[in-house]
Structure formats: C-alpha cells, structure tokens
file final39.txt (compact mmCIF, C-alpha atoms and all ligand atoms)
# COMPACT_ATOMS: atom_id res chain seq x y z
CA THR S 410 0.00 0.00 0.00
CA ILE S 411 1.10 3.53 -0.80
CA PRO S 412 1.08 6.11 2.03
CA PHE S 413 -2.24 7.90 2.51
CA ASP S 414 -2.51 10.86 0.17
CA ILE S 415 -5.68 12.93 0.54
CA LYS S 416 -5.44 14.63 -2.86
CA GLN S 417 -5.03 11.31 -4.60
CA ILE S 418 -8.03 9.88 -2.69
CA GLN S 419 -10.27 12.84 -3.48
CA THR S 420 -9.72 12.56 -7.24
CA GLN S 421 -11.25 9.09 -7.06
CA PHE S 422 -14.64 10.40 -5.91
CA PRO S 423 -16.72 11.84 -8.77
CA ALA S 424 -19.30 13.20 -6.30
CA LEU S 425 -16.64 15.41 -4.73
CA GLN S 426 -15.62 17.04 -8.00
CA HIS S 427 -17.06 20.44 -8.73
CA SER S 428 -17.01 23.12 -11.37
CA ASP S 429 -15.36 26.45 -10.63
CA ASP S 430 -18.65 28.36 -10.58
CA ALA S 431 -20.42 26.04 -8.12
CA PRO S 432 -19.08 25.81 -4.59
CA ARG S 433 -18.05 22.34 -3.53
CA ALA S 434 -20.40 20.93 -0.91
CA VAL S 435 -18.69 19.87 2.29
CA TYR S 436 -19.95 16.37 2.94
CA LEU S 437 -19.91 15.57 6.65
CA ASP S 438 -22.61 12.90 6.62
CA SER S 439 -20.66 9.77 5.74
CA ALA S 440 -22.04 7.82 8.72
CA ALA S 441 -25.42 8.06 6.99
CA THR S 442 -23.95 6.94 3.69
CA ALA S 443 -20.51 7.28 2.19
CA GLN S 444 -19.71 8.69 -1.26
CA LYS S 445 -18.53 6.16 -3.83
CA PRO S 446 -15.13 5.89 -5.49
CA ALA S 447 -14.96 5.58 -9.29
CA ILE S 448 -13.93 1.93 -9.06
CA VAL S 449 -17.27 1.09 -7.40
CA ILE S 450 -19.30 3.04 -9.95
CA ASP S 451 -17.26 1.47 -12.77
CA THR S 452 -17.94 -2.00 -11.38
CA LEU S 453 -21.69 -1.40 -11.68
CA ARG S 454 -21.32 -0.01 -15.20
CA HIS S 455 -19.00 -2.81 -16.26
CA TYR S 456 -21.36 -5.48 -14.97
CA TYR S 457 -24.46 -4.04 -16.59
CA SER S 458 -22.74 -3.25 -19.87
CA GLY S 459 -20.57 -6.34 -20.03
CA TYR S 460 -21.95 -9.49 -18.47
CA ASN S 461 -25.32 -8.86 -16.89
CA ALA S 462 -27.09 -12.21 -16.43
CA ASN S 463 -29.02 -13.99 -13.75
CA VAL S 464 -26.94 -16.18 -11.47
CA HIS S 465 -27.19 -19.85 -10.60
CA ARG S 466 -29.59 -20.37 -13.49
CA GLY S 467 -29.46 -21.33 -17.14
CA SER S 468 -26.58 -22.73 -19.07
CA HIS S 469 -25.04 -19.96 -21.14
CA SER S 470 -21.67 -18.46 -20.50
CA LEU S 471 -22.97 -15.06 -19.38
CA THR S 472 -24.71 -16.64 -16.43
CA THR S 473 -21.68 -18.79 -15.70
CA ASN S 474 -19.44 -15.71 -15.62
CA ALA S 475 -21.89 -13.75 -13.50
CA THR S 476 -22.26 -16.64 -11.07
CA PHE S 477 -18.50 -17.01 -10.81
CA ALA S 478 -18.02 -13.30 -10.07
CA PHE S 479 -20.93 -13.29 -7.61
CA GLU S 480 -19.45 -16.19 -5.63
CA GLN S 481 -15.97 -14.66 -5.82
CA ALA S 482 -17.46 -11.54 -4.23
CA ARG S 483 -18.85 -13.66 -1.42
CA THR S 484 -15.38 -15.07 -0.81
CA THR S 485 -13.97 -11.53 -0.72
CA ILE S 486 -16.43 -10.69 2.08
CA GLN S 487 -15.65 -13.92 3.89
CA LYS S 488 -11.93 -13.13 3.94
CA PHE S 489 -12.51 -9.48 4.79
CA ILE S 490 -14.31 -10.31 8.05
CA GLY S 491 -12.48 -13.52 8.89
CA ALA S 492 -15.42 -15.92 8.47
CA ALA S 493 -14.61 -19.61 8.28
CA SER S 494 -16.52 -20.34 5.07
CA PRO S 495 -18.38 -18.50 2.29
CA LYS S 496 -21.44 -20.43 3.49
CA GLU S 497 -21.47 -18.09 6.47
CA ILE S 498 -21.96 -15.03 4.25
CA ILE S 499 -25.57 -14.28 3.31
CA TRP S 500 -26.32 -11.39 0.97
CA THR S 501 -29.03 -9.06 2.20
CA ARG S 502 -30.24 -5.60 1.24
CA GLY S 503 -28.42 -4.16 4.22
CA ALA S 504 -28.01 -4.27 7.98
CA THR S 505 -31.73 -3.73 8.52
CA GLU S 506 -32.76 -6.71 6.43
CA ALA S 507 -30.10 -8.89 8.04
CA LEU S 508 -31.36 -8.05 11.54
CA ASN S 509 -34.94 -8.80 10.51
CA LEU S 510 -33.82 -12.09 9.02
CA ILE S 511 -32.19 -13.15 12.29
CA ALA S 512 -35.24 -12.07 14.28
CA GLN S 513 -37.69 -13.88 12.04
CA THR S 514 -35.77 -17.14 11.65
CA TYR S 515 -33.37 -17.74 14.50
CA ALA S 516 -35.23 -15.80 17.18
CA ARG S 517 -38.75 -16.70 16.15
CA ASN S 518 -37.84 -20.37 16.34
CA HIS S 519 -35.87 -20.29 19.55
CA LEU S 520 -37.77 -17.89 21.77
CA GLN S 521 -40.45 -18.88 24.20
CA ALA S 522 -42.64 -16.91 26.55
CA GLY S 523 -40.52 -15.57 29.40
CA ASP S 524 -37.24 -15.59 27.46
CA GLU S 525 -35.31 -12.35 27.32
CA ILE S 526 -33.62 -10.41 24.55
CA LEU S 527 -31.14 -7.88 25.94
CA VAL S 528 -30.91 -4.83 23.70
CA SER S 529 -28.67 -1.88 24.45
CA GLU S 530 -30.21 1.53 24.97
CA MET S 531 -27.97 3.11 22.35
CA GLU S 532 -29.18 0.99 19.44
CA HIS S 533 -30.34 2.22 16.07
CA HIS S 534 -34.04 1.46 15.55
CA ALA S 535 -32.99 -1.30 13.14
CA ASN S 536 -31.56 -3.20 16.12
CA ILE S 537 -34.59 -2.60 18.37
CA VAL S 538 -37.79 -2.89 16.36
CA PRO S 539 -37.16 -6.37 14.86
CA TRP S 540 -36.66 -7.65 18.44
CA GLN S 541 -39.87 -6.02 19.61
CA MET S 542 -41.71 -7.63 16.70
CA VAL S 543 -40.43 -11.11 17.45
CA ALA S 544 -41.05 -10.60 21.17
CA GLU S 545 -44.67 -9.91 20.38
CA GLN S 546 -44.84 -13.04 18.25
CA THR S 547 -43.25 -15.33 20.84
CA GLY S 548 -44.06 -13.88 24.24
CA ALA S 549 -40.39 -13.14 24.90
CA LYS S 550 -39.38 -9.86 26.52
CA VAL S 551 -37.08 -7.12 25.26
CA VAL S 552 -34.95 -5.87 28.16
CA LYS S 553 -32.90 -2.68 27.93
CA ILE S 554 -29.18 -2.63 28.73
CA PRO S 555 -28.95 0.92 30.11
CA MET S 556 -26.27 3.41 29.25
CA HIS S 557 -24.50 6.08 31.31
CA GLN S 558 -24.91 9.79 30.60
CA ASN S 559 -21.46 9.76 28.98
CA CYS S 560 -22.91 7.42 26.33
CA THR S 561 -21.06 4.29 27.35
CA LEU S 562 -22.98 1.17 28.27
CA ASN S 563 -23.54 0.33 31.91
CA ILE S 564 -21.61 -2.92 31.95
CA ASP S 565 -22.37 -3.64 35.62
CA ALA S 566 -26.07 -3.50 34.78
CA TYR S 567 -25.45 -5.74 31.77
CA GLN S 568 -23.74 -8.34 33.97
CA ARG S 569 -26.69 -8.25 36.37
CA LEU S 570 -29.26 -8.58 33.59
CA LEU S 571 -27.65 -11.66 32.08
CA SER S 572 -29.32 -14.85 33.25
CA ASN S 573 -30.48 -18.22 32.02
CA LYS S 574 -33.49 -16.42 30.60
CA THR S 575 -31.24 -14.42 28.25
CA LYS S 576 -31.42 -15.98 24.81
CA ILE S 577 -30.21 -13.12 22.62
CA VAL S 578 -28.05 -10.05 23.17
CA ALA S 579 -28.25 -7.33 20.50
CA ILE S 580 -25.54 -4.65 20.52
CA ALA S 581 -23.95 -2.16 18.19
CA HIS S 582 -20.24 -2.50 17.56
CA ILE S 583 -20.05 1.32 17.24
CA THR S 584 -23.08 3.59 17.67
CA ASN S 585 -24.06 5.97 14.92
CA VAL S 586 -24.95 8.77 17.35
CA THR S 587 -21.71 9.39 19.24
CA GLY S 588 -19.27 6.94 17.74
CA THR S 589 -19.01 5.02 21.01
CA ARG S 590 -17.36 1.67 20.57
CA ASN S 591 -18.91 -0.92 22.85
CA PRO S 592 -16.70 -3.53 24.56
CA ILE S 593 -18.20 -6.23 22.38
CA GLU S 594 -15.44 -8.78 23.05
CA SER S 595 -16.16 -9.00 26.79
CA MET S 596 -19.92 -8.61 26.26
CA ILE S 597 -19.93 -11.56 23.87
CA ALA S 598 -17.93 -13.71 26.27
CA ALA S 599 -20.27 -12.84 29.15
CA ALA S 600 -23.36 -13.68 27.07
CA HIS S 601 -21.88 -17.01 25.99
CA HIS S 602 -21.42 -17.91 29.63
CA TYR S 603 -25.23 -18.04 29.81
CA GLY S 604 -25.63 -19.75 26.44
CA ALA S 605 -27.04 -16.61 24.82
CA VAL S 606 -26.41 -15.77 21.19
CA VAL S 607 -24.96 -12.34 20.38
CA VAL S 608 -26.04 -10.26 17.39
CA VAL S 609 -23.61 -7.45 16.58
CA ASP S 610 -24.84 -4.52 14.50
CA GLY S 611 -21.71 -3.66 12.57
CA ALA S 612 -23.25 -0.95 10.37
CA GLN S 613 -20.78 1.62 11.75
CA GLY S 614 -18.12 -0.71 13.13
CA ILE S 615 -17.25 -2.19 9.75
CA ALA S 616 -16.18 1.23 8.48
CA HIS S 617 -13.63 1.75 11.23
CA GLU S 618 -12.06 -1.49 12.21
CA GLN S 619 -10.58 -4.55 10.69
CA VAL S 620 -13.33 -6.89 11.85
CA ASP S 621 -12.51 -10.50 12.63
CA VAL S 622 -15.75 -12.30 13.42
CA HIS S 623 -13.86 -15.41 14.40
CA ALA S 624 -11.69 -13.62 16.97
CA LEU S 625 -14.74 -11.73 18.25
CA ASP S 626 -16.64 -15.01 18.52
CA ALA S 627 -19.74 -13.09 17.38
CA ASP S 628 -22.65 -15.37 16.57
CA PHE S 629 -24.05 -12.92 14.04
CA TYR S 630 -22.48 -9.77 12.58
CA VAL S 631 -24.36 -7.59 10.10
CA PHE S 632 -23.48 -4.56 8.00
CA SER S 633 -24.52 -2.50 4.98
CA GLY S 634 -22.34 -1.91 1.97
CA HIS S 635 -23.24 1.74 1.53
CA LYS S 636 -21.36 2.84 4.64
CA ILE S 637 -18.11 1.41 3.29
CA TYR S 638 -18.15 3.11 -0.10
CA ALA S 639 -20.35 0.50 -1.86
CA PRO S 640 -23.84 1.13 -3.25
CA ALA S 641 -27.00 0.98 -1.17
CA GLY S 642 -29.16 -2.11 -1.47
CA ILE S 643 -26.44 -4.63 -0.67
CA GLY S 644 -25.40 -5.84 2.75
CA VAL S 645 -24.17 -8.84 4.63
CA LEU S 646 -25.38 -11.20 7.29
CA TYR S 647 -22.58 -13.21 8.83
CA GLY S 648 -23.67 -16.10 11.01
CA LYS S 649 -21.84 -19.06 12.49
CA GLN S 650 -22.41 -21.97 10.16
CA ALA S 651 -23.99 -24.25 12.77
CA LEU S 652 -26.52 -21.55 13.69
CA LEU S 653 -27.37 -20.81 10.06
CA GLU S 654 -27.72 -24.53 9.27
CA ALA S 655 -30.23 -24.94 12.09
CA MET S 656 -32.29 -21.88 11.14
CA PRO S 657 -35.39 -22.24 8.98
CA PRO S 658 -35.52 -20.13 5.82
CA TRP S 659 -37.26 -16.76 5.83
CA HIS S 660 -38.33 -15.73 2.33
CA GLY S 661 -39.55 -18.49 0.06
CA GLY S 662 -38.95 -18.51 -3.68
CA GLY S 663 -36.54 -19.46 -6.40
CA LYS S 664 -32.97 -20.51 -5.62
CA MET S 665 -33.61 -21.33 -1.98
CA VAL S 666 -34.95 -24.78 -2.81
CA GLU S 667 -33.66 -28.18 -3.92
CA LYS S 668 -36.99 -29.57 -5.04
CA VAL S 669 -40.49 -28.19 -4.94
CA SER S 670 -43.62 -30.26 -5.22
CA PHE S 671 -47.13 -29.83 -3.92
CA SER S 672 -46.50 -32.54 -1.39
CA GLY S 673 -43.60 -30.56 0.09
CA THR S 674 -40.40 -28.65 -0.58
CA ASP S 675 -36.78 -29.45 0.17
CA TYR S 676 -34.72 -26.39 0.94
CA ALA S 677 -31.32 -25.65 -0.51
CA GLY S 678 -28.23 -25.61 1.68
CA LEU S 679 -26.24 -22.56 2.75
CA PRO S 680 -26.02 -19.85 1.66
CA SER S 681 -28.81 -20.21 -0.94
CA LYS S 682 -31.37 -21.15 1.72
CA PHE S 683 -31.54 -17.50 2.74
CA GLU S 684 -31.27 -15.96 -0.72
CA ALA S 685 -34.65 -16.41 -2.37
CA GLY S 686 -35.16 -14.66 -5.69
CA THR S 687 -32.82 -12.88 -8.07
CA PRO S 688 -30.05 -11.29 -6.01
CA ASN S 689 -28.40 -7.91 -6.36
CA VAL S 690 -25.46 -9.26 -8.37
CA ALA S 691 -24.11 -5.84 -9.37
CA GLY S 692 -24.31 -4.71 -5.75
CA SER S 693 -22.39 -7.75 -4.54
CA LEU S 694 -19.64 -7.16 -7.09
CA ALA S 695 -19.51 -3.48 -6.21
CA LEU S 696 -19.26 -4.26 -2.50
CA ALA S 697 -16.36 -6.60 -3.18
CA ALA S 698 -14.76 -3.85 -5.30
CA ALA S 699 -15.21 -1.34 -2.45
CA ILE S 700 -13.55 -3.73 -0.03
CA GLU S 701 -10.64 -4.40 -2.35
CA TRP S 702 -10.27 -0.66 -2.82
CA LEU S 703 -10.29 -0.11 0.95
CA GLN S 704 -7.68 -2.80 1.37
CA SER S 705 -5.44 -1.04 -1.13
CA ILE S 706 -5.40 2.07 1.05
CA ASP S 707 -3.11 2.86 3.92
CA ARG S 708 -5.84 2.44 6.55
CA GLN S 709 -3.62 3.57 9.39
CA GLY S 710 -2.73 6.74 7.52
CA ALA S 711 -6.41 7.27 6.74
CA GLU S 712 -7.43 6.84 10.38
CA GLN S 713 -4.75 9.32 11.47
CA HIS S 714 -5.94 11.76 8.83
CA ILE S 715 -9.53 11.46 10.12
CA ALA S 716 -8.40 11.79 13.75
CA ASP S 717 -6.54 15.01 12.88
CA LEU S 718 -9.61 16.43 11.14
CA ARG S 719 -11.79 15.58 14.09
CA GLN S 720 -9.41 17.36 16.46
CA GLN S 721 -9.34 20.38 14.15
CA ALA S 722 -13.16 20.47 14.20
CA LEU S 723 -13.43 20.10 17.97
CA ASP S 724 -10.81 22.81 18.57
CA GLY S 725 -12.52 25.13 16.13
CA ILE S 726 -15.99 24.98 17.68
CA LYS S 727 -15.29 24.57 21.38
CA ASP S 728 -15.64 28.28 22.16
CA ILE S 729 -19.14 28.58 20.71
CA GLU S 730 -21.46 29.67 23.49
CA GLY S 731 -23.75 26.90 24.73
CA LEU S 732 -22.13 24.22 22.56
CA ARG S 733 -21.97 20.81 24.18
CA ILE S 734 -20.38 17.71 22.68
CA ILE S 735 -22.54 14.71 23.55
CA GLY S 736 -20.74 11.68 24.96
CA LEU S 737 -17.40 12.55 23.42
CA GLN S 738 -15.55 9.41 22.41
CA ALA S 739 -11.87 9.19 21.72
CA HIS S 740 -10.92 7.69 18.35
CA ALA S 741 -14.36 8.12 16.78
CA SER S 742 -14.71 9.55 13.28
CA LEU S 743 -17.95 11.23 14.27
CA PHE S 744 -19.26 13.40 17.04
CA SER S 745 -22.62 14.79 18.05
CA PHE S 746 -23.28 18.17 19.58
CA VAL S 747 -26.07 20.50 20.61
CA VAL S 748 -26.10 24.25 21.14
CA ASP S 749 -28.19 25.03 24.18
CA GLY S 750 -31.16 27.24 23.42
CA VAL S 751 -30.96 26.71 19.65
CA HIS S 752 -32.86 24.06 17.72
CA HIS S 753 -30.59 21.60 15.90
CA GLN S 754 -32.67 21.85 12.73
CA ASP S 755 -32.25 25.63 12.57
CA ILE S 756 -28.50 25.23 12.70
CA ALA S 757 -28.58 22.49 10.05
CA THR S 758 -30.62 24.73 7.75
CA LEU S 759 -28.15 27.59 8.08
CA LEU S 760 -25.26 25.19 7.49
CA ASP S 761 -26.97 23.79 4.43
CA GLN S 762 -27.27 27.31 3.02
CA GLN S 763 -23.50 27.47 3.32
CA HIS S 764 -23.15 24.10 1.53
CA ILE S 765 -22.29 22.10 4.62
CA ALA S 766 -24.04 18.73 4.69
CA LEU S 767 -24.39 17.13 8.09
CA ARG S 768 -27.07 15.26 9.95
CA ALA S 769 -29.49 16.83 12.42
CA GLY S 770 -32.14 14.89 14.29
CA HIS S 771 -32.60 11.76 16.35
CA HIS S 772 -30.38 9.52 14.19
CA CYS S 773 -32.95 6.69 14.36
CA ALA S 774 -32.10 6.23 18.03
CA HIS S 775 -35.07 7.55 19.99
CA PRO S 776 -34.32 5.58 23.19
CA MET S 777 -30.75 6.90 23.32
CA LEU S 778 -31.84 10.49 22.84
CA ASP S 779 -34.63 10.05 25.40
CA ALA S 780 -32.05 8.78 27.89
CA LEU S 781 -30.04 11.95 27.28
CA GLY S 782 -33.11 14.16 27.50
CA LEU S 783 -32.58 15.40 23.94
CA THR S 784 -34.84 15.56 20.91
CA GLY S 785 -31.95 15.72 18.48
CA THR S 786 -28.30 16.51 17.93
CA LEU S 787 -26.12 17.68 15.08
CA ARG S 788 -23.71 15.04 13.91
CA VAL S 789 -20.47 15.54 12.05
CA SER S 790 -19.18 12.34 10.48
CA LEU S 791 -15.89 12.26 8.65
CA ALA S 792 -14.60 9.94 5.97
CA LEU S 793 -11.23 9.53 4.35
CA TYR S 794 -12.06 11.97 1.53
CA ASN S 795 -12.62 14.96 3.83
CA ASP S 796 -9.83 17.48 4.19
CA GLN S 797 -8.73 20.42 6.35
CA GLN S 798 -10.50 22.85 4.07
CA ASP S 799 -13.79 21.00 4.63
CA VAL S 800 -13.36 21.28 8.37
CA ALA S 801 -12.32 24.93 8.20
CA ARG S 802 -15.43 25.73 6.17
CA PHE S 803 -17.59 23.85 8.66
CA ILE S 804 -16.07 25.79 11.58
CA THR S 805 -16.62 29.16 9.90
CA ALA S 806 -20.16 28.22 8.88
CA LEU S 807 -21.11 27.01 12.34
CA HIS S 808 -19.81 30.23 13.96
CA LYS S 809 -21.83 32.23 11.45
CA ALA S 810 -24.97 30.17 12.06
CA CYS S 811 -24.70 30.48 15.82
CA ASP S 812 -24.08 34.24 15.59
CA LEU S 813 -27.28 34.58 13.59
CA LEU S 814 -29.46 32.45 15.87
N1 LIG S 901 -27.35 0.33 12.63
C1 LIG S 901 -26.60 1.43 12.66
C2 LIG S 901 -25.69 1.66 13.83
C3 LIG S 901 -26.66 2.34 11.62
O1 LIG S 901 -25.90 3.45 11.64
C4 LIG S 901 -27.52 2.08 10.52
C5 LIG S 901 -27.64 3.05 9.37
N2 LIG S 901 -27.88 4.38 9.77
C6 LIG S 901 -28.27 0.90 10.54
C7 LIG S 901 -28.16 0.05 11.60
C8 LIG S 901 -29.21 0.54 9.43
O2 LIG S 901 -28.52 0.36 8.23
P1 LIG S 901 -29.31 0.29 6.85
O3 LIG S 901 -30.29 1.42 6.86
O4 LIG S 901 -28.24 0.45 5.83
O5 LIG S 901 -29.97 -1.05 6.78
call {"tool": "encode", "arguments": {"input": "final39.txt", "output": "structure tokens"}}
result
Amino acid sequence: TIPFDIKQIQTQFPALQHSDDAPRAVYLDSAATAQKPAIVIDTLRHYYSGYNANVHRGSHSLTTNATFAFEQARTTIQKFIGAASPKEIIWTRGATEALNLIAQTYARNHLQAGDEILVSEMEHHANIVPWQMVAEQTGAKVVKIPMHQNCTLNIDAYQRLLSNKTKIVAIAHITNVTGTRNPIESMIAAAHHYGAVVVVDGAQGIAHEQVDVHALDADFYVFSGHKIYAPAGIGVLYGKQALLEAMPPWHGGGKMVEKVSFSGTDYAGLPSKFEAGTPNVAGSLALAAAIEWLQSIDRQGAEQHIADLRQQALDGIKDIEGLRIIGLQAHASLFSFVVDGVHHQDIATLLDQQHIALRAGHHCAHPMLDALGLTGTLRVSLALYNDQQDVARFITALHKACDLL
C-alpha cells in the first residue's frame, strides 16, 4: 500500500468534483452513507454493460461468468471479516434486512414466553424494532441494557441482567450517534457464559475497524455496503455456520430450494437457503470492489488523517457559546453536539445554506436520545475523503450560524 494521500483519494470520488462556478459541498454525513469511489461506480457499469445475467440459473456463458463473479465476491467478504466459510456469508439488502432475518428465523424459532432479549439503549431502531416484533410473536421480553450519561454502556447493569433467561443479546459495535465503541469482546464472552447468542450490528463498526468475526466469537455480525463506499441495497449477514444450518428459511422462492412439489419442498443448503429470488449481483460485485479498494489504502494513515480532522473540528468549535459535545468518544470519526437554546434543525438549515451537509435529528435512536433528555443533535461524520478545508469551512459556517441564531 502507498502512504495515505488525501489529494489522490479525493480525485477518485466523482461526487466530490465540482465546477469552478459552483461551490463544492462539504460532505460531513458519511455515517449516513458514504460517497462512492470511481472503481465502485465502474464495477456497476461494467457489470451491466458487459456481463449482466441472472446467477445460478441457465446454461449460457454469461450466467456462468456472473455466477462465478458473484461467488468470488462472497469469498472476498468472507476473507474481509475472517469468516470460516463463504457459506457463512448471506447477501441481504443491508443491515436492517439482516437483523430482521435473524429475528424472524433464529429468534422466532428459539424464543419462548418468558425468554429475554437484551438490547442496548444506544441501538439504532434497526436493532430494536425487529426484536420487539419477534417478542410480540413469541411472548419473549425485550430488556434494555442501560447506558450512562457519557454514552457508554452500563456494563455492571449488563452483567446483572444476564441470566439463564437471556437468549439473545443485540448490541452495536459502534453507535451511529456518538461513535461510542462498545466492549463487544467481553460482552460476547459474558453472554456465551449463559448460552445466549450475540447479534452485533456492525453498520458503523465495519467502516472503522478490521473486523474478525472469528476472533470476536460473534454469533451474528451484520453490516450495509453503503457505509463502506459501496452502493445501497447490498449488505451482509454473517452467522456461524452451525446456527445458520439450524435456522429455517425466511423468504420463500426461487434458488432457496432443492426440489419443490405440492406434497412438500426441500430447501437448498447454505447460503442459498436465505437468498430467495434474483439477487443484487451488481451490488455484490460493487461491494467486493469497495472492499478491495479499501484494502489497497493505507488504513492507518487514513485513520490518522480522520483523527486530525476531528481534532481540528473540535478545537474550532469549542468556544461557541452553549455548545456541548454529547458523549465525546476518543478515536471516533464522528461526534454529536447540541447548542443550548438553539434548535438543531435551525443550525442544520443555516449550514446547508453554506453548503455544509451534516445530519441533524434523532439519528434513528429515539431511546438513546430520550435517555439523554434530547430531541436531536447535530452530527459531524468524517470519511477519508474529507480534508482540512472542509473542516475549516464547517467551523466558519457554524460560527456564522450560531451568531445569527
Ligand atoms: N445500525 C446502525 C448503527 C446504523 O448506523 C444504521 C444506518 N444508519 C443501521 C443500523 C441501518 O442500516 P441500513 O439502513 O443500511 O440497513
């Protein structure tokens, strides 16, 4: 890998290019979705203009080539996260669909009335609502793992909540609100002590760490491609093979079967069992391309670059009257803040007028914001294509907005 070079990185992102008469937008919303490098966009174009065909069907060479590339992409994901076999990699539309799949197959089959699902208070709605739905279906109970006011989980409370009734623990690797990294290693080990299965929401974690699901001993790990520079509409469910084997299928349809007759249907093996219907082949190839691109970059240099930008931003805004950083976390690429007495949306609107794109609101984490007594925050999230000029423009714009309000 060549040393991290911001200028060289930026040229690879068509969305960041601008004409001289239009000001370049400062994109500080990468935790919502990242911009895409040319290699990812080219992969989509190349697939659709070169060898578009359905996979695992038919007998012509286009489908054979597409199937080969599709399965190669699965192997790229497997290696990227340290899974033992490509059978443990299930394509989904994203983290949300993967979490719903686990809830409606694994959980729906295993849970009984009185069982408990421990869900952390700082979860994205995607890692809360599917558990509430399956709890309603089975009579199990969703129990909150509380967090401290500094936005770290209350691990003592977690230890006390764990019991033989605990069947599932659902936790984010890194939260999307404050960038807090949860101590998932020790939380997984503690849950396993009680025979509970741990579902890790890696939607943010995957963007910031070299994930090794084997070392983590996570039972399930899910993520979306669009947060790691791939298109939306493709994501991954990792599950331990033995768990996936024992789970019933979710969606029924083509490809997930061995033999269908009106007297009964035999299901296909892994991973097809969970991939009914025509998959997002282009998305899978583009996700593999995004991962290969990421792996070609000096990640350490990139992380240092992001850390420097974050420090520049924090230093530049700390004197704004009434500004509070919420649950500041070291080493995060994002941070949330509020300005007391000013509505977050008003600030976001004034920033938008100055071509600064960031996120204002509840970040799909109502319980976390309720616990903090907030209705919303402003969130700055940085990616490896941001530069010092972006941050300087954000600082100036925020000062201007706060002076006006
Ligand atoms: N969990 C977290 C922590 C997230 O940040 C997100 C995306 N905002 C999701 C889950 C859901 O991901 P998606 O909408 O891509 O399915």
call {"tool": "atom_distance", "arguments": {"input": "final39.txt", "atom1": "CA of Val748 (chain S)", "atom2": "CA of Gly736 (chain S)"}}
result
14.2 Å
call {"tool": "residues_near_ligand", "arguments": {"input": "final39.txt", "ligand": "ligand LIG 901 (chain S)", "cutoff": "9 Å", "atoms": "all atoms listed in the file", "output": "PyMOL selection string"}}
result
chain S and resi 440-442+502-508+531-536+581-586+610-614+631-636+641-644+772-774
call {"tool": "closest_atom_pairs", "arguments": {"input": "final39.txt", "of": "region 615-724 of chain S", "to": "region 587-598 of chain S", "cutoff": "8 Å", "atoms": "all atoms listed in the file", "output": "CSV"}}
result
residue,atom,partner,partner_atom,distance
S:Leu625,CA,S:Glu594,CA,5.7
S:Asp626,CA,S:Ile597,CA,7.2
S:Ala627,CA,S:Ile597,CA,6.7
call {"tool": "write_last_selection", "arguments": {"input": "final39.txt", "atoms": "C-alpha atoms", "output": "compact mmCIF listing (two decimals), in the frame of the given file"}}
result
# COMPACT_ATOMS: atom_id res chain seq x y z
CA LEU S 625 -14.74 -11.73 18.25
CA ASP S 626 -16.64 -15.01 18.52
CA ALA S 627 -19.74 -13.09 17.38
call {"tool": "residues_around", "arguments": {"input": "final39.txt", "residues": "Gln444 (chain S)", "least_positions_apart": "2", "cutoff": "9 Å", "atoms": "all atoms listed in the file", "output": "MDAnalysis selection string"}}
result
chainID S and resid 422:425 436 439 442 446 635:640 792 794
call {"tool": "closest_residue", "arguments": {"input": "final39.txt", "among": "S:Tyr630, S:Asn559, S:Ile564, S:Gln521", "to": "Ala544 (chain S)", "atoms": "all atoms listed in the file"}}
result
S:Gln521
call {"tool": "atom_distance", "arguments": {"input": "final39.txt", "atom1": "CA of Lys664 (chain S)", "atom2": "CA of Thr687 (chain S)"}}
result
8.0 Å
call {"tool": "residues_near_point", "arguments": {"input": "final39.txt", "point": "(-19.1, 1.5, -13.2)", "cutoff": "12 Å", "atoms": "only C-alpha atoms", "output": "list in words"}}
result
Pro423, Lys445, Pro446, Ala447, Ile448, Val449, Ile450, Asp451, Thr452, Leu453, Arg454, His455, Tyr456, Tyr457, Ser458, Gly459, Ala639, Pro640, Ala691, Gly692, Leu694, Ala695, Ala698 and Ala699 of chain S
call {"tool": "atom_distance", "arguments": {"input": "final39.txt", "atom1": "CA of Ala493 (chain S)", "atom2": "CA of Leu520 (chain S)"}}
result
26.9 Å
call {"tool": "closest_residue", "arguments": {"input": "final39.txt", "among": "S:Ile804, S:Ala716, S:Met665, S:Val690", "to": "Asp728 (chain S)", "atoms": "only C-alpha atoms"}}
result
S:Ile804
call {"tool": "residues_near_point", "arguments": {"input": "final39.txt", "point": "(-25.5, -11.8, 22.0)", "cutoff": "8 Å", "atoms": "all atoms listed in the file", "output": "VMD selection string"}}
result
chain S and resid 527 576 to 580 596 to 597 600 to 601 605 to 609 627 to 628
call {"tool": "write_last_selection", "arguments": {"input": "final39.txt", "atoms": "C-alpha atoms", "output": "CSV table (one decimal), keeping the file's coordinate frame"}}
result
chain,number,residue,atom,x,y,z
S,527,LEU,CA,-31.1,-7.9,25.9
S,576,LYS,CA,-31.4,-16.0,24.8
S,577,ILE,CA,-30.2,-13.1,22.6
S,578,VAL,CA,-28.0,-10.0,23.2
S,579,ALA,CA,-28.2,-7.3,20.5
S,580,ILE,CA,-25.5,-4.6,20.5
S,596,MET,CA,-19.9,-8.6,26.3
S,597,ILE,CA,-19.9,-11.6,23.9
S,600,ALA,CA,-23.4,-13.7,27.1
S,601,HIS,CA,-21.9,-17.0,26.0
S,605,ALA,CA,-27.0,-16.6,24.8
S,606,VAL,CA,-26.4,-15.8,21.2
S,607,VAL,CA,-25.0,-12.3,20.4
S,608,VAL,CA,-26.0,-10.3,17.4
S,609,VAL,CA,-23.6,-7.4,16.6
S,627,ALA,CA,-19.7,-13.1,17.4
S,628,ASP,CA,-22.6,-15.4,16.6
call {"tool": "closest_atom_pairs", "arguments": {"input": "final39.txt", "of": "region 672-727 of chain S", "to": "region 654-663 of chain S", "cutoff": "7 Å", "atoms": "all atoms listed in the file", "output": "tab-separated table"}}
result
residue	atom	partner	partner_atom	distance
S:Leu679	CA	S:Glu654	CA	7.0
S:Lys682	CA	S:Pro658	CA	5.9
S:Phe683	CA	S:Pro658	CA	5.7
S:Ala685	CA	S:Gly662	CA	5.0
S:Gly686	CA	S:Gly663	CA	5.0
call {"tool": "write_last_selection", "arguments": {"input": "final39.txt", "atoms": "C-alpha atoms", "output": "mmCIF file, keeping the file's coordinate frame"}}
result
data_model
loop_
_atom_site.group_PDB
_atom_site.id
_atom_site.type_symbol
_atom_site.label_atom_id
_atom_site.label_comp_id
_atom_site.auth_asym_id
_atom_site.auth_seq_id
_atom_site.Cartn_x
_atom_site.Cartn_y
_atom_site.Cartn_z
ATOM 1 C CA LEU S 679 -26.240 -22.560 2.750
ATOM 2 C CA LYS S 682 -31.370 -21.150 1.720
ATOM 3 C CA PHE S 683 -31.540 -17.500 2.740
ATOM 4 C CA ALA S 685 -34.650 -16.410 -2.370
ATOM 5 C CA GLY S 686 -35.160 -14.660 -5.690
#
call {"tool": "closest_residue", "arguments": {"input": "final39.txt", "among": "S:Val528, S:Met777, S:Ala549, S:Ile726", "to": "Thr805 (chain S)", "atoms": "all atoms listed in the file"}}
result
S:Ile726
call {"tool": "closest_residue", "arguments": {"input": "final39.txt", "among": "S:Val645, S:Ala810, S:Ala434, S:Ile715", "to": "Ile615 (chain S)", "atoms": "all atoms listed in the file"}}
result
S:Val645
call {"tool": "residues_around", "arguments": {"input": "final39.txt", "residues": "Tyr567 (chain S)", "least_positions_apart": "5", "cutoff": "9 Å", "atoms": "only C-alpha atoms", "output": "ChimeraX atom specification"}}
result
/S:527,529,553-555,562,596
